[in-house]
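Participant: Quick one, upload.cif (mmCIF, C-alpha atoms):
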data_data
#
loop_
_atom_site.label_atom_id
_atom_site.label_comp_id
_atom_site.auth_asym_id
_atom_site.auth_seq_id
_atom_site.Cartn_x
_atom_site.Cartn_y
_atom_site.Cartn_z
CA MET A 1 -23.24 -37.33 9.78
CA LYS A 2 -21.85 -34.49 7.70
CA ARG A 3 -23.84 -31.27 8.21
CA VAL A 4 -25.00 -29.50 5.08
CA ASP A 5 -26.70 -26.16 4.56
CA GLN A 6 -30.15 -25.68 3.09
CA HIS A 7 -28.73 -25.43 -0.42
CA GLY A 8 -27.08 -28.81 -0.20
CA GLY A 9 -23.52 -27.51 0.10
CA SER A 10 -21.10 -28.00 2.95
CA PRO A 11 -20.36 -25.19 5.45
CA ALA A 12 -16.73 -25.16 4.28
CA ALA A 13 -17.80 -24.59 0.68
CA ALA A 14 -20.16 -21.82 1.76
CA GLY A 15 -17.33 -20.20 3.70
CA ARG A 16 -15.06 -20.31 0.67
CA LEU A 17 -17.69 -18.53 -1.42
CA ARG A 18 -18.43 -15.84 1.16
CA ALA A 19 -15.25 -13.79 0.62
CA PRO A 20 -15.46 -13.72 -3.21
CA LEU A 21 -19.13 -12.76 -2.98
CA MET A 22 -18.38 -9.92 -0.55
CA LEU A 23 -15.55 -8.76 -2.81
CA ALA A 24 -17.81 -8.80 -5.87
CA LEU A 25 -20.46 -6.72 -4.08
CA MET A 26 -17.76 -4.30 -2.93
CA LEU A 27 -16.41 -3.88 -6.47
CA VAL A 28 -19.88 -3.24 -7.90
CA ALA A 29 -20.62 -0.64 -5.21
CA VAL A 30 -17.27 1.09 -5.67
CA ALA A 31 -17.57 1.17 -9.47
CA ALA A 32 -21.09 2.61 -9.24
CA PHE A 33 -19.98 5.28 -6.76
CA ARG A 34 -16.95 6.31 -8.80
CA ILE A 35 -18.95 6.53 -12.02
CA HIS A 36 -21.71 8.54 -10.29
CA THR A 37 -19.21 11.04 -8.84
CA ALA A 38 -17.17 11.42 -12.06
CA GLN A 39 -19.60 13.88 -13.65
CA TYR A 40 -17.17 16.78 -13.99
CA SER A 41 -15.07 18.28 -16.75
CA LEU A 42 -11.58 17.15 -17.68
CA TRP A 43 -8.69 19.23 -16.36
CA TYR A 44 -5.47 20.22 -18.12
CA ASP A 45 -3.45 17.01 -17.61
CA GLU A 46 -6.42 14.87 -18.64
CA LEU A 47 -6.80 16.90 -21.83
CA ALA A 48 -3.10 16.31 -22.44
CA SER A 49 -3.72 12.57 -22.07
CA LEU A 50 -6.38 12.76 -24.78
CA GLU A 51 -4.04 14.69 -27.05
CA PHE A 52 -1.36 12.02 -26.72
CA ALA A 53 -3.96 9.28 -27.19
CA ARG A 54 -4.96 10.86 -30.53
CA GLN A 55 -1.43 10.38 -31.86
CA PRO A 56 -0.55 7.37 -34.02
CA VAL A 57 0.55 4.48 -31.80
CA SER A 58 3.81 4.20 -33.76
CA ARG A 59 4.60 7.78 -32.75
CA LEU A 60 3.92 7.04 -29.08
CA TRP A 61 6.54 4.28 -29.17
CA SER A 62 9.26 6.33 -30.85
CA SER A 63 11.75 9.07 -29.94
CA TRP A 64 8.93 11.55 -30.53
CA MET A 65 8.04 10.86 -26.87
CA LEU A 66 11.09 12.86 -25.76
CA ARG A 67 8.59 15.68 -25.30
CA GLU A 68 6.63 13.74 -22.64
CA THR A 69 7.85 12.49 -19.27
CA ASN A 70 5.19 9.78 -18.94
CA PRO A 71 5.70 6.47 -20.75
CA PRO A 72 3.31 5.55 -23.58
CA LEU A 73 1.46 2.52 -22.21
CA PHE A 74 -1.55 4.32 -20.73
CA TYR A 75 -1.83 6.60 -23.74
CA THR A 76 -1.85 3.54 -25.99
CA MET A 77 -4.64 1.94 -23.95
CA LEU A 78 -6.55 5.24 -23.96
CA SER A 79 -6.18 5.45 -27.73
CA GLY A 80 -7.95 2.13 -28.16
CA TRP A 81 -10.55 3.06 -25.54
CA ILE A 82 -11.64 6.32 -27.19
CA THR A 83 -11.90 4.47 -30.48
CA LEU A 84 -14.49 2.22 -28.81
CA VAL A 85 -16.44 4.65 -26.61
CA GLY A 86 -15.69 8.13 -27.94
CA GLN A 87 -14.30 11.15 -26.10
CA ASP A 88 -17.14 12.17 -23.80
CA ASP A 89 -15.79 13.26 -20.40
CA VAL A 90 -17.49 10.48 -18.44
CA ALA A 91 -16.89 7.85 -21.13
CA VAL A 92 -13.13 8.34 -21.13
CA ARG A 93 -13.11 8.20 -17.32
CA LEU A 94 -14.61 4.72 -17.43
CA LEU A 95 -11.17 3.35 -18.40
CA PRO A 96 -9.27 4.52 -15.29
CA ILE A 97 -12.33 3.76 -13.12
CA GLY A 98 -12.31 0.18 -14.40
CA ILE A 99 -8.56 -0.09 -13.81
CA GLY A 100 -8.88 1.41 -10.33
CA THR A 101 -11.68 -1.00 -9.45
CA ALA A 102 -9.51 -3.88 -10.64
CA GLY A 103 -6.85 -2.50 -8.29
CA ILE A 104 -9.19 -3.14 -5.36
CA GLY A 105 -9.41 -6.76 -6.50
CA ALA A 106 -5.61 -6.83 -6.66
CA ALA A 107 -5.46 -5.48 -3.10
CA TYR A 108 -7.66 -8.37 -2.04
CA GLY A 109 -5.31 -10.80 -3.80
CA LEU A 110 -2.28 -9.30 -2.10
CA GLY A 111 -3.93 -9.41 1.32
CA ARG A 112 -4.93 -13.01 0.78
CA ALA A 113 -1.39 -13.91 -0.29
CA VAL A 114 0.02 -12.28 2.85
CA GLY A 115 -2.64 -13.63 5.24
CA ASP A 116 -6.05 -15.02 4.37
CA ALA A 117 -9.39 -14.01 2.87
CA LYS A 118 -10.19 -11.76 5.84
CA VAL A 119 -6.93 -9.86 5.37
CA GLY A 120 -7.73 -9.58 1.68
CA LEU A 121 -11.17 -8.15 2.35
CA LEU A 122 -9.70 -5.66 4.83
CA ALA A 123 -7.13 -4.51 2.26
CA ALA A 124 -9.83 -4.18 -0.40
CA ALA A 125 -12.10 -2.25 1.97
CA LEU A 126 -9.34 0.19 2.94
CA LEU A 127 -8.54 0.91 -0.69
CA SER A 128 -12.25 1.23 -1.49
CA LEU A 129 -12.63 3.90 1.19
CA SER A 130 -9.47 5.78 0.22
CA ALA A 131 -10.33 9.28 -0.99
CA LEU A 132 -6.99 9.47 -2.80
CA GLY A 133 -7.61 6.10 -4.44
CA THR A 134 -11.02 7.30 -5.64
CA ASP A 135 -9.55 10.53 -6.98
CA LEU A 136 -6.71 8.84 -8.86
CA SER A 137 -9.04 6.24 -10.37
CA GLN A 138 -11.24 8.98 -11.82
CA GLN A 139 -8.40 10.88 -13.47
CA VAL A 140 -7.70 10.16 -17.13
CA ARG A 141 -4.07 9.56 -16.27
CA GLY A 142 -1.96 6.48 -15.64
CA TYR A 143 -2.08 6.60 -11.84
CA ALA A 144 -4.66 3.85 -11.38
CA LEU A 145 -2.76 1.59 -13.78
CA ALA A 146 0.49 2.25 -11.89
CA GLN A 147 -1.22 1.36 -8.61
CA LEU A 148 -2.64 -1.85 -10.07
CA ALA A 149 0.79 -2.81 -11.40
CA VAL A 150 2.47 -2.29 -8.01
CA LEU A 151 -0.17 -4.34 -6.19
CA LEU A 152 0.23 -7.21 -8.65
CA ALA A 153 4.02 -6.98 -8.48
CA CYS A 154 3.92 -7.14 -4.67
CA THR A 155 1.65 -10.16 -4.88
CA GLY A 156 4.18 -11.85 -7.14
CA MET A 157 6.93 -11.07 -4.63
CA VAL A 158 4.93 -12.61 -1.76
CA LEU A 159 4.11 -15.71 -3.80
CA TYR A 160 7.77 -16.18 -4.71
CA LEU A 161 8.89 -15.75 -1.11
CA ARG A 162 6.42 -18.39 0.06
CA ARG A 163 6.54 -20.95 -2.73
CA ARG A 164 9.70 -20.28 -4.78
CA THR A 165 7.73 -21.08 -7.95
CA PRO A 166 8.23 -19.37 -11.32
CA SER A 167 4.63 -18.06 -11.32
CA GLY A 168 5.49 -15.46 -8.68
CA LEU A 169 8.48 -14.27 -10.68
CA VAL A 170 6.43 -14.07 -13.89
CA LEU A 171 3.70 -12.06 -12.17
CA TYR A 172 6.26 -9.71 -10.63
CA GLY A 173 8.15 -9.26 -13.90
CA ILE A 174 5.12 -8.54 -16.09
CA ALA A 175 3.48 -6.26 -13.51
CA THR A 176 6.70 -4.32 -12.92
CA LEU A 177 7.19 -3.78 -16.65
CA ILE A 178 3.61 -2.51 -16.90
CA GLY A 179 4.34 -0.12 -14.06
CA LEU A 180 7.59 1.10 -15.59
CA TYR A 181 5.85 1.82 -18.87
CA THR A 182 3.07 3.64 -17.02
CA HIS A 183 5.03 6.04 -14.82
CA THR A 184 8.79 6.62 -14.76
CA THR A 185 8.90 7.09 -10.98
CA LEU A 186 8.10 3.39 -10.57
CA ALA A 187 11.79 2.80 -11.28
CA LEU A 188 12.14 3.64 -7.57
CA PHE A 189 9.71 0.83 -6.70
CA ALA A 190 11.59 -1.64 -8.90
CA GLY A 191 14.90 -0.70 -7.29
CA LEU A 192 13.59 -0.97 -3.74
CA ALA A 193 11.79 -4.24 -4.50
CA GLY A 194 14.94 -5.69 -6.02
CA VAL A 195 17.13 -4.86 -3.01
CA THR A 196 14.50 -5.90 -0.45
CA MET A 197 13.98 -9.31 -2.04
CA LEU A 198 17.71 -9.94 -2.25
CA TRP A 199 17.87 -9.37 1.50
CA LEU A 200 14.83 -11.56 2.23
CA LEU A 201 16.23 -14.35 0.04
CA TRP A 202 19.72 -14.14 1.54
CA SER A 203 19.75 -17.72 2.82
CA ASP A 204 18.59 -19.17 -0.52
CA ARG A 205 21.22 -18.39 -3.14
CA ARG A 206 19.41 -20.29 -5.88
CA ALA A 207 16.25 -18.26 -5.32
CA GLN A 208 18.38 -15.12 -5.28
CA ALA A 209 19.87 -16.02 -8.66
CA ARG A 210 16.41 -16.50 -10.19
CA TRP A 211 15.28 -13.21 -8.72
CA LEU A 212 18.31 -11.42 -10.19
CA ALA A 213 17.68 -13.00 -13.58
CA THR A 214 14.07 -11.80 -13.50
CA ASN A 215 15.15 -8.26 -12.71
CA VAL A 216 17.74 -8.31 -15.49
CA ALA A 217 14.94 -9.30 -17.89
CA VAL A 218 12.75 -6.48 -16.55
CA LEU A 219 15.61 -4.00 -16.96
CA ALA A 220 16.21 -5.17 -20.52
CA GLY A 221 12.52 -4.78 -21.33
CA TRP A 222 12.51 -1.29 -19.87
CA GLY A 223 15.72 -0.30 -21.64
CA TRP A 224 14.09 1.73 -24.41
CA TRP A 225 12.15 4.00 -22.08
CA ALA A 226 15.10 4.19 -19.67
CA MET A 227 17.16 5.68 -22.51
CA ILE A 228 14.36 8.13 -23.31
CA SER A 229 14.34 9.22 -19.66
CA VAL A 230 18.12 9.66 -19.59
CA ARG A 231 17.97 11.78 -22.74
CA GLN A 232 15.21 13.90 -21.21
CA MET A 233 17.28 14.57 -18.08
CA THR A 234 20.39 15.50 -20.06
CA MET A 235 18.68 17.91 -22.47
CA PRO A 236 19.76 21.60 -22.06
CA VAL A 237 16.19 22.54 -21.17
CA THR A 238 14.36 19.52 -19.83
CA ASN A 239 10.62 19.05 -19.76
CA ILE A 240 10.83 18.06 -16.09
CA ALA A 241 12.70 21.18 -14.94
CA TRP A 242 9.54 22.61 -13.40
CA ILE A 243 9.33 19.76 -10.84
CA ALA A 244 10.85 21.02 -7.59
CA THR A 245 12.74 18.68 -5.27
CA PRO A 246 10.56 18.25 -2.16
CA SER A 247 11.94 19.05 1.28
CA TRP A 248 11.74 16.53 4.12
CA ARG A 249 8.79 18.50 5.47
CA ASP A 250 7.00 18.23 2.13
CA ALA A 251 7.82 14.52 1.94
CA VAL A 252 6.23 13.92 5.35
CA ALA A 253 3.16 15.89 4.29
CA MET A 254 2.76 13.90 1.07
CA THR A 255 3.20 10.57 2.90
CA ALA A 256 0.64 11.60 5.49
CA GLN A 257 -1.82 12.63 2.80
CA VAL A 258 -1.69 9.07 1.45
CA TYR A 259 -1.82 7.12 4.73
CA LEU A 260 -3.78 9.26 7.19
CA PRO A 261 -7.54 9.85 7.03
CA PHE A 262 -7.04 13.57 7.63
CA TYR A 263 -4.04 15.85 7.65
CA ALA A 264 -3.31 19.58 7.66
CA ASP A 265 -1.80 21.29 4.65
CA ARG A 266 1.48 21.62 6.53
CA PRO A 267 2.56 18.80 8.88
CA GLY A 268 2.06 19.72 12.49
CA LEU A 269 3.35 17.94 15.58
CA THR A 270 0.12 16.01 16.19
CA GLY A 271 -0.16 14.76 12.64
CA THR A 272 3.51 13.82 12.44
CA LEU A 273 3.26 11.85 15.71
CA LEU A 274 0.15 10.12 14.40
CA LEU A 275 2.00 9.17 11.22
CA ALA A 276 4.98 7.86 13.19
CA GLY A 277 2.63 5.93 15.48
CA LEU A 278 0.93 4.35 12.49
CA PHE A 279 4.15 2.92 11.12
CA GLY A 280 5.56 2.15 14.57
CA GLY A 281 2.41 0.24 15.51
CA TRP A 282 2.59 -1.75 12.30
CA ARG A 283 6.19 -2.75 13.04
CA CYS A 284 5.36 -3.72 16.64
CA ALA A 285 2.41 -5.81 15.54
CA ARG A 286 4.57 -7.57 12.97
CA TYR A 287 7.27 -8.46 15.52
CA ALA A 288 4.66 -9.58 18.05
CA ARG A 289 3.03 -11.89 15.50
CA ARG A 290 6.40 -13.27 14.47
CA GLY A 291 7.28 -13.94 18.12
CA ALA A 292 3.98 -15.73 18.70
CA ARG A 293 4.51 -17.86 15.59
CA TYR A 294 7.91 -19.09 16.74
CA GLY A 295 7.06 -19.28 20.45
CA CYS A 296 9.23 -16.31 21.44
CA SER A 297 8.40 -14.03 24.31
CA PRO A 298 8.92 -10.23 24.11
CA SER A 299 11.72 -10.52 26.65
#
Output the file's structure as structure tokens, nothing else.
Facilitator:
Amino acid sequence: MKRVDQHGGSPAAAGRLRAPLMLALMLVAVAAFRIHTAQYSLWYDELASLEFARQPVSRLWSSWMLRETNPPLFYTMLSGWITLVGQDDVAVRLLPIGIGTAGIGAAYGLGRAVGDAKVGLLAAALLSLSALGTDLSQQVRGYALAQLAVLLACTGMVLYLRRRTPSGLVLYGIATLIGLYTHTTLALFAGLAGVTMLWLLWSDRRAQARWLATNVAVLAGWGWWAMISVRQMTMPVTNIAWIATPSWRDAVAMTAQVYLPFYADRPGLTGTLLLAGLFGGWRCARYARRGARYGCSPS
């Protein structure tokens, strides 16, 4: 006889509902916490975001944007948002908080695509507890939107690797375009994703061709802002000249700030070893799982 729970549903159905319910509770708690802790004044860059959002949308999508290094997508969204809710400090922060909370849902989706619902919940929990993630989702800047776009793009990549269906390519393409029109540095993500997928799809030339076609379409869609960026970099006095090129030491420090729960202002030996161990452990675990899947021993 098939066992049912007290509500008349099967245990399997109850199990399928458990993860979405836990995710929903997590999102509500995170949103409430981020709203409660966002009661502080806007800083300079956030005020600049508001100033750009007050411009006519047609101006944001024209060569007038040569004066700004960030693409116009977030400013366009912010323009519509302040029309709805006004320009109170907390009210304008509700937009990035909502986007950042959606990013936690996207982390769950990516984890589930890679593994299962438990992996998805772990990914969502880690992002929920990230101090940097909380900070970026409260800033009236495009950072939370860029993070959401990358998570969705990675999910599309995983889906395409596993199923070879157009839906993965469409998700990757749209999400990557959103990212490219949110922050110019995401061109680095698009380039690395493109090369990595070509390598992973090496044995499937047809899948490679579809992947290349998708990236050509993304590049064509990004063409306008790419030209703006090139013009900015070739101007006699650029508006990005103040950004210093980081040293390797600074790069390690910035990476550690993102991935480690605590880290000194300057990378010391202990912190650097901890960072290396984090990535080394991840690689070892991945190879061990792959060996177990295919019946290979470490030797």
Participant: I need the residue nearest Leu122 of chain A from this list: A:Ala29, A:Leu66, A:Cys284, A:Gly109. Use all atoms listed in the file for the distance.
Facilitator: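 Closest candidate: A:Gly109.
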Participant: Just checking: using all atoms listed in the file, which residue out of A:Ile82, A:Ala24, A:Ala226, A:Val216 ends up closest to His183 of chain A?
Facilitator: A:Ala226
Participant: How would you write, as a PDB file with C-alpha atoms, in the coordinates of the input, the residues chosen by the PyMOL selection byres ((chain A and resi 31) around 12) on this structure?
Facilitator:
ATOM      1  CA  ALA A  24     -17.810  -8.800  -5.870  1.00  0.00           C
ATOM      2  CA  LEU A  25     -20.460  -6.720  -4.080  1.00  0.00           C
ATOM      3  CA  MET A  26     -17.760  -4.300  -2.930  1.00  0.00           C
ATOM      4  CA  LEU A  27     -16.410  -3.880  -6.470  1.00  0.00           C
ATOM      5  CA  VAL A  28     -19.880  -3.240  -7.900  1.00  0.00           C
ATOM      6  CA  ALA A  29     -20.620  -0.640  -5.210  1.00  0.00           C
ATOM      7  CA  VAL A  30     -17.270   1.090  -5.670  1.00  0.00           C
ATOM      8  CA  ALA A  32     -21.090   2.610  -9.240  1.00  0.00           C
ATOM      9  CA  PHE A  33     -19.980   5.280  -6.760  1.00  0.00           C
ATOM     10  CA  ARG A  34     -16.950   6.310  -8.800  1.00  0.00           C
ATOM     11  CA  ILE A  35     -18.950   6.530 -12.020  1.00  0.00           C
ATOM     12  CA  HIS A  36     -21.710   8.540 -10.290  1.00  0.00           C
ATOM     13  CA  THR A  37     -19.210  11.040  -8.840  1.00  0.00           C
ATOM     14  CA  ALA A  38     -17.170  11.420 -12.060  1.00  0.00           C
ATOM     15  CA  ARG A  93     -13.110   8.200 -17.320  1.00  0.00           C
ATOM     16  CA  LEU A  94     -14.610   4.720 -17.430  1.00  0.00           C
ATOM     17  CA  LEU A  95     -11.170   3.350 -18.400  1.00  0.00           C
ATOM     18  CA  PRO A  96      -9.270   4.520 -15.290  1.00  0.00           C
ATOM     19  CA  ILE A  97     -12.330   3.760 -13.120  1.00  0.00           C
ATOM     20  CA  GLY A  98     -12.310   0.180 -14.400  1.00  0.00           C
ATOM     21  CA  ILE A  99      -8.560  -0.090 -13.810  1.00  0.00           C
ATOM     22  CA  GLY A 100      -8.880   1.410 -10.330  1.00  0.00           C
ATOM     23  CA  THR A 101     -11.680  -1.000  -9.450  1.00  0.00           C
ATOM     24  CA  ALA A 102      -9.510  -3.880 -10.640  1.00  0.00           C
ATOM     25  CA  GLY A 103      -6.850  -2.500  -8.290  1.00  0.00           C
ATOM     26  CA  ILE A 104      -9.190  -3.140  -5.360  1.00  0.00           C
ATOM     27  CA  GLY A 105      -9.410  -6.760  -6.500  1.00  0.00           C
ATOM     28  CA  SER A 128     -12.250   1.230  -1.490  1.00  0.00           C
ATOM     29  CA  THR A 134     -11.020   7.300  -5.640  1.00  0.00           C
ATOM     30  CA  SER A 137      -9.040   6.240 -10.370  1.00  0.00           C
ATOM     31  CA  GLN A 138     -11.240   8.980 -11.820  1.00  0.00           C
TER      32      GLN A 138
END
Participant: Atom CA of Leu47 of chain A to atom CA of Gly86 of chain A: how many Å, to one decimal?
Facilitator: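 Interatomic distance here is 13.9 Å.
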Participant: Please provide the set of residues having any atom within 12 Å of Ile228 of chain A, restricted to all atoms listed in the file, with same-chain residues fewer than 4 positions apart removed, written as a list in words.
Facilitator: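 Result of the neighbour search: Leu60, Trp61, Ser62, Ser63, Trp64, Met65, Leu66, Arg67, Glu68, Thr69, Asn70, Pro71, Pro72, Tyr181, Thr184, Trp222, Gly223, Trp224, Gln232, Met233, Thr234, Met235 and Thr238 of chain A.
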Participant: Mind checking which residues fall within 12 Å of Asn215 of chain A, counting only C-alpha atoms, ignoring those fewer than 3 positions away in the same chain, and posting them as an NGL selection string?
Facilitator: :A and (153 or 157 or 169-170 or 172-177 or 187 or 190-195 or 197-198 or 208-212 or 218-223)
Participant: Got a sec: who's within 7 Å of Leu151 of chain A, counting all atoms listed in the file, leaving out chain neighbours fewer than 6 positions off, as a list in words?
Facilitator: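 Listed by chain and then number, they are Ala106, Ala107 and Leu110 of chain A.
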Participant: Let me see the file: selected residues, C-alpha atoms, as an mmCIF file, in the coordinates of the input.
Facilitator:
data_model
loop_
_atom_site.group_PDB
_atom_site.id
_atom_site.type_symbol
_atom_site.label_atom_id
_atom_site.label_comp_id
_atom_site.auth_asym_id
_atom_site.auth_seq_id
_atom_site.Cartn_x
_atom_site.Cartn_y
_atom_site.Cartn_z
ATOM 1 C CA ALA A 106 -5.610 -6.830 -6.660
ATOM 2 C CA ALA A 107 -5.460 -5.480 -3.100
ATOM 3 C CA LEU A 110 -2.280 -9.300 -2.100
#
Participant: Would you work out the distance separating atom CA of Val140 of chain A from atom CA of Ala125 of chain A, expressed in Å to one decimal?
Facilitator: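 If I compute the distance from atom CA of Val140 of chain A to atom CA of Ala125 of chain A, I get 23.2 Å.
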Participant: Enter the distance from atom CA of Gly277 of chain A to atom CA of Val252 of chain A, in Å, rounded to one decimal.
Facilitator: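 Atom-to-atom, atom CA of Gly277 of chain A and atom CA of Val252 of chain A are spaced 13.4 Å apart.
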Participant: Which residues are near Glu51 of chain A? Cut-off 10 Å, only C-alpha atoms, ignore same chain within fewer than 4 positions. Put them as a VMD selection string.
Facilitator: chain A and resid 45 to 47 55 75 79
Participant: Which of these residues is nearest to Ala19 of chain A, using all atoms listed in the file: A:Ala124, A:Ala253, A:Leu50, A:Val90?
Facilitator: A:Ala124
